[in-house]
Amino acid sequence: MTDAADGAAAPKLAAQRGGASDLYRAIWRWHFYAGLLILPFLITLAITGAIYLFRDEVDTWVHADFMQVTPAGEERLVPSEIIAAALAAQPGTAVKYTDPPADNLSTEITVRPATGGSMAVYVNQYSGEVLEVRPDRSTFAWTVRYLHSFRFFGATPRMVIEIVAGWAILLVLTGIFLWWPRGQQGGVISVRGTPARRVFWRDLHAVTGVFVAGFLLFLAITGLPWSSVWGAKVNEWANGSNFGYPAGLRIDVPMSEDHLDHVAKTSWSLEQARIPETVPPESGMPSIGVDAAVGIFDKLGLHRGYAVSLPTTPTGVFSGSVYPDDLSQQRVVHLDQYTGDPLLDMTYAEYGPGGRALEWGINTHMGQTYGRMNQIVLLLACLAIVVLAVSAAVMWWKRRPSSSLGVPPLPSDRRVFVGLFVMLGIGGVLFPLTGLSLLVMIALDLIWQWSTNRRRPDLAV
């Protein structure tokens, strides 16, 4: 009876094992494709991201000659005098005054020349000496940021961000399935062998991957708001219904067509926020001026380092905005340029739940929310992502057959692809550009299979 029962159960057990093996092969194949597509980008994002985590420290060191000044007591020039010094060195229209976040840092004035792009002028606020004139947002940290977001290469390449983020999520989920212990002792939380052996790189890849998986998912998801398609749609939603804020904050006041991001660095969720406009008084009352406006911002208690966007038209406003590491200190204040009355005074606490969640994710992604520990943890995560990518490349190089790409074998039962493609399709709907790239990869995979099958008879002859 026992032998007969075992004999009857054997085909069923073999079928179960075959099914599991087919599923493993299908997932391994698409894990391979995901890595093949995005690992070079992940390395770039990890390295530039690691540097940008310490942007303030790096910038003040690299540009110490014009960013750092020696404090000269409590006396400093008033904003109008600092702006006048900047305009003497760089003629044009002053559009932004940035309060230095510390006494030993210079004041930055943004000037819009008659022709060409905006210029940044750095002025010693104690002496009025102009220390540097350079294109706006051209410091080392800004260059790294534009490389990290691919904005450095124009609008179209920024779409890569969404594709990479979507495939990174796929890479993590399939990687966890492949790592999942199936009776093996090594390669789960320990690394076997030496660098000369492929098993060392396989284990290093698997163990590093499982420890960094959560961080990679977090960075991919919180990086999506910067993408061209998905990010733009979420931005539109976050700022919908006149930006989704309560009556009295953004409605019942005249709105200009200018956006906050056009005139000052702002938080992501407010990039498309329109700026209120002033109604010029019929009496011909003059503007209160930048000195009075800065005085009002100081009295209102804006965190140091705030930027003031200066009105350049009769209907313009003085816009003060600041986005420090402490989320609770984020603030945007628009002042009527004639009366000095606040038209809008918004803090982080007044964002909607979605806005607060997005801001927390982005702030943490940039290493700001939890101070130095935030920077160190994400730095280690970035280094682990580089190790993950390098170990994958070495492992593939050691495994691949001669003169072949080394694509993992197809499952014997192609039906296992149905469930996998359904899950991939759901991800493609959520992330449209990733979905389009997925269709391209499926087409290339089918062409690869067709090409391989056509070569097999020739090889058999």
# chains A, B, ... in the order shown; residues from 1 in each chain; ligands from 1
>>> residues_around(residues="segment 157-160 of chain A", least_positions_apart="4", cutoff="8 Å", atoms="only C-alpha atoms", output="PyMOL selection string")
chain A and resi 149-151+153+164+227-229+433
>>> write_last_selection(atoms="N, CA and C atoms", output="short mmCIF file (atom, residue, chain, number, x, y, z; two decimals), in the first residue's frame")
data_model
loop_
_atom_site.label_atom_id
_atom_site.label_comp_id
_atom_site.auth_asym_id
_atom_site.auth_seq_id
_atom_site.Cartn_x
_atom_site.Cartn_y
_atom_site.Cartn_z
N SER A 149 18.54 63.98 -11.52
CA SER A 149 17.17 63.98 -12.05
C SER A 149 17.13 63.90 -13.57
N PHE A 150 18.32 63.86 -14.21
CA PHE A 150 18.45 63.84 -15.67
C PHE A 150 17.94 65.12 -16.31
N ARG A 151 17.62 66.14 -15.51
CA ARG A 151 17.19 67.42 -16.06
C ARG A 151 18.34 68.09 -16.80
N PHE A 153 20.03 66.92 -19.02
CA PHE A 153 20.03 66.51 -20.43
C PHE A 153 18.75 66.93 -21.15
N VAL A 164 12.96 53.98 -14.80
CA VAL A 164 13.89 53.36 -13.85
C VAL A 164 13.18 53.05 -12.53
N SER A 227 9.26 62.61 -11.87
CA SER A 227 9.19 62.09 -13.24
C SER A 227 8.28 62.95 -14.09
N SER A 228 8.41 62.82 -15.41
CA SER A 228 7.73 63.72 -16.34
C SER A 228 6.24 63.44 -16.47
N VAL A 229 5.84 62.17 -16.50
CA VAL A 229 4.44 61.82 -16.73
C VAL A 229 3.73 61.55 -15.42
N LEU A 433 4.97 55.08 -18.39
CA LEU A 433 6.21 54.96 -19.17
C LEU A 433 6.87 53.60 -18.93
#
>>> residues_around(residues="segment 339-349 of chain A", least_positions_apart="6", cutoff="9 Å", atoms="only C-alpha atoms", output="list in words")
Gly248, Leu249, Arg250, Val253, Pro276, Glu277, Thr278, Met285, Ser287, Ile288, Ala292, Ala293, Ile296, Val317, Phe318, Leu327, Ser328, Gln329, Gln330, Arg331, Val332, Val333, Gly355, Arg356 and Glu359 of chain A
>>> write_last_selection(atoms="C-alpha atoms", output="short mmCIF file (atom, residue, chain, number, x, y, z; two decimals), in the first residue's frame")
data_model
loop_
_atom_site.label_atom_id
_atom_site.label_comp_id
_atom_site.auth_asym_id
_atom_site.auth_seq_id
_atom_site.Cartn_x
_atom_site.Cartn_y
_atom_site.Cartn_z
CA GLY A 248 -9.32 81.81 2.43
CA LEU A 249 -5.90 80.38 1.72
CA ARG A 250 -5.91 80.27 -2.07
CA VAL A 253 -7.88 86.46 -3.67
CA PRO A 276 -1.62 85.75 -5.75
CA GLU A 277 -1.52 89.17 -7.33
CA THR A 278 -1.87 92.63 -5.89
CA MET A 285 0.51 104.44 -3.26
CA SER A 287 5.42 99.79 -2.99
CA ILE A 288 6.56 99.20 0.58
CA ALA A 292 10.06 96.70 4.71
CA ALA A 293 9.01 93.36 3.19
CA ILE A 296 7.75 91.83 7.90
CA VAL A 317 3.73 90.44 -4.64
CA PHE A 318 6.60 89.86 -2.23
CA LEU A 327 9.23 70.04 7.86
CA SER A 328 7.19 71.94 10.44
CA GLN A 329 9.13 75.10 9.51
CA GLN A 330 8.19 74.98 5.81
CA ARG A 331 6.32 78.16 4.99
CA VAL A 332 5.10 80.32 2.11
CA VAL A 333 3.96 83.92 2.69
CA GLY A 355 0.70 67.00 0.35
CA ARG A 356 2.13 66.23 3.81
CA GLU A 359 6.60 66.34 1.33
#
>>> select_by_dssp(residues="segment 199-435 of chain A", states="helix (DSSP H, G or I)", output="ChimeraX atom specification")
/A:199-226,230-238,240-243,260-263,268-270,290-300,327-329,348-350,353-365,371-399,416-430,432-435
>>> closest_residue(among="A:Asp291, A:Glu350, A:Asp65, A:Asp445", to="Pro79 of chain A", atoms="only C-alpha atoms")
A:Asp291
>>> decode(residues="segment 80-93 of chain A", atoms="all heavy atoms", output="PDB file, in the first residue's frame")
ATOM      1  N   SER A  80      18.076  96.327   0.348  1.00  0.00           N
ATOM      2  CA  SER A  80      18.129  97.203  -0.835  1.00  0.00           C
ATOM      3  C   SER A  80      19.559  97.568  -1.187  1.00  0.00           C
ATOM      4  O   SER A  80      19.905  97.703  -2.376  1.00  0.00           O
ATOM      5  CB  SER A  80      17.294  98.465  -0.604  1.00  0.00           C
ATOM      6  OG  SER A  80      17.772  99.187   0.523  1.00  0.00           O
ATOM      7  N   GLU A  81      20.418  97.754  -0.184  1.00  0.00           N
ATOM      8  CA  GLU A  81      21.828  98.073  -0.445  1.00  0.00           C
ATOM      9  C   GLU A  81      22.556  96.864  -1.030  1.00  0.00           C
ATOM     10  O   GLU A  81      23.413  97.007  -1.920  1.00  0.00           O
ATOM     11  CB  GLU A  81      22.502  98.531   0.846  1.00  0.00           C
ATOM     12  CG  GLU A  81      21.981  99.865   1.375  1.00  0.00           C
ATOM     13  CD  GLU A  81      22.561 100.223   2.725  1.00  0.00           C
ATOM     14  OE1 GLU A  81      22.807  99.294   3.537  1.00  0.00           O
ATOM     15  OE2 GLU A  81      22.768 101.422   2.989  1.00  0.00           O
ATOM     16  N   ILE A  82      22.227  95.671  -0.535  1.00  0.00           N
ATOM     17  CA  ILE A  82      22.848  94.446  -1.062  1.00  0.00           C
ATOM     18  C   ILE A  82      22.423  94.238  -2.512  1.00  0.00           C
ATOM     19  O   ILE A  82      23.243  93.900  -3.384  1.00  0.00           O
ATOM     20  CB  ILE A  82      22.448  93.233  -0.192  1.00  0.00           C
ATOM     21  CG1 ILE A  82      22.955  93.415   1.237  1.00  0.00           C
ATOM     22  CG2 ILE A  82      22.994  91.941  -0.788  1.00  0.00           C
ATOM     23  CD1 ILE A  82      22.443  92.359   2.212  1.00  0.00           C
ATOM     24  N   ILE A  83      21.141  94.483  -2.803  1.00  0.00           N
ATOM     25  CA  ILE A  83      20.636  94.341  -4.172  1.00  0.00           C
ATOM     26  C   ILE A  83      21.292  95.372  -5.096  1.00  0.00           C
ATOM     27  O   ILE A  83      21.662  95.057  -6.236  1.00  0.00           O
ATOM     28  CB  ILE A  83      19.103  94.485  -4.188  1.00  0.00           C
ATOM     29  CG1 ILE A  83      18.464  93.272  -3.487  1.00  0.00           C
ATOM     30  CG2 ILE A  83      18.571  94.625  -5.608  1.00  0.00           C
ATOM     31  CD1 ILE A  83      16.975  93.395  -3.277  1.00  0.00           C
ATOM     32  N   ALA A  84      21.466  96.603  -4.595  1.00  0.00           N
ATOM     33  CA  ALA A  84      22.116  97.643  -5.396  1.00  0.00           C
ATOM     34  C   ALA A  84      23.544  97.250  -5.759  1.00  0.00           C
ATOM     35  O   ALA A  84      23.999  97.463  -6.896  1.00  0.00           O
ATOM     36  CB  ALA A  84      22.105  98.968  -4.636  1.00  0.00           C
ATOM     37  N   ALA A  85      24.270  96.639  -4.811  1.00  0.00           N
ATOM     38  CA  ALA A  85      25.637  96.187  -5.081  1.00  0.00           C
ATOM     39  C   ALA A  85      25.633  95.086  -6.138  1.00  0.00           C
ATOM     40  O   ALA A  85      26.494  95.052  -7.033  1.00  0.00           O
ATOM     41  CB  ALA A  85      26.278  95.692  -3.790  1.00  0.00           C
ATOM     42  N   ALA A  86      24.655  94.188  -6.048  1.00  0.00           N
ATOM     43  CA  ALA A  86      24.562  93.099  -7.021  1.00  0.00           C
ATOM     44  C   ALA A  86      24.265  93.634  -8.416  1.00  0.00           C
ATOM     45  O   ALA A  86      24.865  93.200  -9.412  1.00  0.00           O
ATOM     46  CB  ALA A  86      23.488  92.104  -6.586  1.00  0.00           C
ATOM     47  N   LEU A  87      23.359  94.600  -8.518  1.00  0.00           N
ATOM     48  CA  LEU A  87      22.984  95.156  -9.819  1.00  0.00           C
ATOM     49  C   LEU A  87      24.108  95.989 -10.430  1.00  0.00           C
ATOM     50  O   LEU A  87      24.200  96.116 -11.656  1.00  0.00           O
ATOM     51  CB  LEU A  87      21.722  96.004  -9.685  1.00  0.00           C
ATOM     52  CG  LEU A  87      20.431  95.233  -9.360  1.00  0.00           C
ATOM     53  CD1 LEU A  87      19.269  96.190  -9.155  1.00  0.00           C
ATOM     54  CD2 LEU A  87      20.117  94.233 -10.475  1.00  0.00           C
ATOM     55  N   ALA A  88      24.967  96.548  -9.582  1.00  0.00           N
ATOM     56  CA  ALA A  88      26.126  97.283 -10.104  1.00  0.00           C
ATOM     57  C   ALA A  88      27.096  96.335 -10.799  1.00  0.00           C
ATOM     58  O   ALA A  88      27.759  96.693 -11.773  1.00  0.00           O
ATOM     59  CB  ALA A  88      26.819  98.023  -8.966  1.00  0.00           C
ATOM     60  N   ALA A  89      27.181  95.099 -10.278  1.00  0.00           N
ATOM     61  CA  ALA A  89      28.076  94.105 -10.876  1.00  0.00           C
ATOM     62  C   ALA A  89      27.409  93.366 -12.030  1.00  0.00           C
ATOM     63  O   ALA A  89      28.076  92.947 -12.977  1.00  0.00           O
ATOM     64  CB  ALA A  89      28.523  93.098  -9.810  1.00  0.00           C
ATOM     65  N   GLN A  90      26.094  93.178 -11.930  1.00  0.00           N
ATOM     66  CA  GLN A  90      25.346  92.470 -12.964  1.00  0.00           C
ATOM     67  C   GLN A  90      24.064  93.236 -13.259  1.00  0.00           C
ATOM     68  O   GLN A  90      23.054  93.090 -12.574  1.00  0.00           O
ATOM     69  CB  GLN A  90      25.008  91.039 -12.499  1.00  0.00           C
ATOM     70  CG  GLN A  90      24.072  90.281 -13.417  1.00  0.00           C
ATOM     71  CD  GLN A  90      24.618  90.134 -14.829  1.00  0.00           C
ATOM     72  OE1 GLN A  90      25.632  89.489 -15.056  1.00  0.00           O
ATOM     73  NE2 GLN A  90      23.949  90.754 -15.811  1.00  0.00           N
ATOM     74  N   PRO A  91      24.077  94.086 -14.295  1.00  0.00           N
ATOM     75  CA  PRO A  91      22.879  94.868 -14.628  1.00  0.00           C
ATOM     76  C   PRO A  91      21.701  93.959 -14.997  1.00  0.00           C
ATOM     77  O   PRO A  91      21.885  92.865 -15.539  1.00  0.00           O
ATOM     78  CB  PRO A  91      23.325  95.707 -15.828  1.00  0.00           C
ATOM     79  CG  PRO A  91      24.823  95.748 -15.719  1.00  0.00           C
ATOM     80  CD  PRO A  91      25.225  94.433 -15.139  1.00  0.00           C
ATOM     81  N   GLY A  92      20.514  94.417 -14.685  1.00  0.00           N
ATOM     82  CA  GLY A  92      19.310  93.656 -14.987  1.00  0.00           C
ATOM     83  C   GLY A  92      18.228  93.967 -13.972  1.00  0.00           C
ATOM     84  O   GLY A  92      18.227  95.030 -13.350  1.00  0.00           O
ATOM     85  N   THR A  93      17.317  93.049 -13.781  1.00  0.00           N
ATOM     86  CA  THR A  93      16.227  93.191 -12.822  1.00  0.00           C
ATOM     87  C   THR A  93      16.397  92.174 -11.710  1.00  0.00           C
ATOM     88  O   THR A  93      16.502  90.969 -11.980  1.00  0.00           O
ATOM     89  CB  THR A  93      14.863  92.967 -13.511  1.00  0.00           C
ATOM     90  OG1 THR A  93      14.713  93.886 -14.582  1.00  0.00           O
ATOM     91  CG2 THR A  93      13.719  93.146 -12.520  1.00  0.00           C
TER      92      THR A  93
END
